[in-house]
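Working notes, beginning with the structure itself.
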Amino acid sequence: MTAVLDVKGISKRFGGLAAVDNASFTVEEHTITSLIGPNGAGKTTAFNIVSGFLKPDFGKVTFAGQSIEHLEPHDIYRLGMARTFQDPRVFQEMSVLDNVMVGVRQKGETPFWAIVRGAEVNSQWKAARERAEKILESVGLLARANEAASALSFGEQRFLSIARALVGEPRIVLLDEPTVGLDRGTFGQLVELMKNLVSKERKTILLIEHNMDVVMSISDKVVLMMQGTTVASGTPAEVRSHRSMVEAYLGKRHVAASQ
Ligand SMILES: Nc1ncnc2c1ncn2[C@@H]1O[C@H](COP(=O)(O)OP(=O)(O)O)[C@@H](O)[C@H]1O
Ligand SMILES: [Mg+2]
């Protein structure tokens with residue numbers, strides 16, 4: 001399998017704190033890789049480095065064969081990497097559809113060319129709108145397209161933020177704790193959506209997830225981070241049996257007791 005994303009030895013300090021400390025992992029195309037670890041382990045900081053929102057102090061990030069650790073987020077987005085944040089971050093006053101259309105615009109051409117090219121752009125715009133509607137349908141929000149985003153529940157806003165990430169047709173999607181705060185129904189829908197994105201849409205997912213049932217059931221690979229470092233990586237079964245995993249989630253006493 002090809003590694004579409006290769007993260008090698010990334011580090012990031014905030015003052016005296018090593019938030020990410022020599023972390024390395026790969027993500028293979030058309031798979032789900034889950035980044036797990038206790039709060040404060042450096043998972044979100046690693047996401048921020050990979051997606052260009054933070055520059056690493058050290059290390060390399062290669063996406064689809066290209067070095068990206070020096071690029072800005074919008075350049076990385078154009079290369080085919082989209083992400084969501086821990087909070088949904090939707091534009092509350094905008095309609096649901098417009099929230100998704102903003103993503104089309106970010107991916108698209110500059111306003112100058114949009115004006116010069118007139119009619120052709122109108123047809124592009126129409127195509128983009130159709131794509132946005134199709135994506136809203138896939139996340140179950142098409143019927144709400146013309147409502148303000150503020151009218152959506154927290155869980156629906158989470159789906160909207162995922163729709164926004166998907167509309168640029170990314171090759172890889174980075175999801176930061178997408179299941180947090182969802183009720184049972186939306187939780188199940190999201191797990192299905194993630195599975196479908198990989199099996200039907202041929203996407204690649206890098207996921208930060210704290211729900212171990214989700215991690216163990218949908219991941220092809222699990223990467224365990226502790227104190228800024230990647231300490232174990234493998235199939236769910238391999239990582240589950242890893243000493244560091246038991247330490248991270250159950251405490252050292254349990255390791256001692258079970259050895
Ligand atoms: N912008 C920042 N400035 C200072 N410290 C930060 C910043 N972002 C994260 N940290 C710290 O870095 C560590 C790792 O945080 P984070 O990457 O958010 O962990 P995780 O997502 O695994 O919970 C934590 O101790 C956190 O407080
Ligand atoms: Mg986090």
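Each chain of the structure tokens is named A, B, ... in the order shown, its residues numbered from 1; ligands are numbered from 1 in display order.
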Discussion item. Can you pull out every residue with an atom within 9 Å of ligand 1? Use only C-alpha atoms and all ligand atoms and format it as a ChimeraX atom specification.
Written reply: /A:12-15,17-20,35-48,86,176-177,208,225-228
Fill in: Which of stretch 115-248 of chain A fall in helix (DSSP H, G or I), as a ChimeraX atom specification
/A:115-116,118-138,142-144,149-151,154-166,184-199,212-218,236-240,243-248
Worksheet, complete the sentence: Across A:Gly185, A:Pro73, A:Pro56, A:Pro178, the smallest distance to ligand 2, with only C-alpha atoms and all ligand atoms counted, is shown by A:Pro178
Discussion item. If I take atom CA of A:Asn196 and atom CA of A:Ser241, how far is one from the other in Å, to one decimal?
Written reply: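 A separation of 27.8 Å between them.
With only C-alpha atoms taken into account, the protein and nucleic acid residues at most 12 Å from A:Gln66 (excluding it and anything under 4 positions from it in its own chain) are Ala3, Val4, Leu5, Asp6, Val7, Lys60, Val61, Thr62, His70, Leu71, Asp75, Ile76, Leu79 and Gly80 of chain A.
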Dump as an mmCIF file, in the first residue's frame, selection limited to C-alpha atoms:
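result.cif, written as the output of this step:
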```
data_model
loop_
_atom_site.group_PDB
_atom_site.id
_atom_site.type_symbol
_atom_site.label_atom_id
_atom_site.label_comp_id
_atom_site.auth_asym_id
_atom_site.auth_seq_id
_atom_site.Cartn_x
_atom_site.Cartn_y
_atom_site.Cartn_z
ATOM 1 C CA ALA A 3 1.632 5.979 2.061
ATOM 2 C CA VAL A 4 -0.190 9.066 0.838
ATOM 3 C CA LEU A 5 0.913 10.918 3.978
ATOM 4 C CA ASP A 6 4.303 10.482 5.615
ATOM 5 C CA VAL A 7 5.018 12.359 8.838
ATOM 6 C CA LYS A 60 9.086 16.569 7.507
ATOM 7 C CA VAL A 61 5.575 16.084 6.202
ATOM 8 C CA THR A 62 5.185 14.526 2.766
ATOM 9 C CA HIS A 70 6.624 24.801 4.701
ATOM 10 C CA LEU A 71 3.278 25.382 2.911
ATOM 11 C CA ASP A 75 -1.977 25.547 -0.448
ATOM 12 C CA ILE A 76 -2.213 22.230 1.359
ATOM 13 C CA LEU A 79 -3.256 19.785 -2.919
ATOM 14 C CA GLY A 80 -6.162 17.704 -1.625
#
```
Worksheet item: Taking the backbone alone, and naming residues the way the document does, which bits of stretch 73-186 of chain A are strand (DSSP E or B) by DSSP, as number ranges by chain?
Response: A: 81-83, 95, 148, 172-176
Practice prompt. May I ask which of the residues A:Ile172, A:Val180, A:Val246, A:Ala143 is the closest one to ligand 2, counting only C-alpha atoms and all ligand atoms?
Written response: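 Smallest distance to ligand 2 is found for A:Val180.
Of the residues under consideration (A:Val222, A:Val100, A:Leu152, A:Ile68), A:Val222 shows the shortest atom-to-atom contact distance to A:Val27 when counting only C-alpha atoms.
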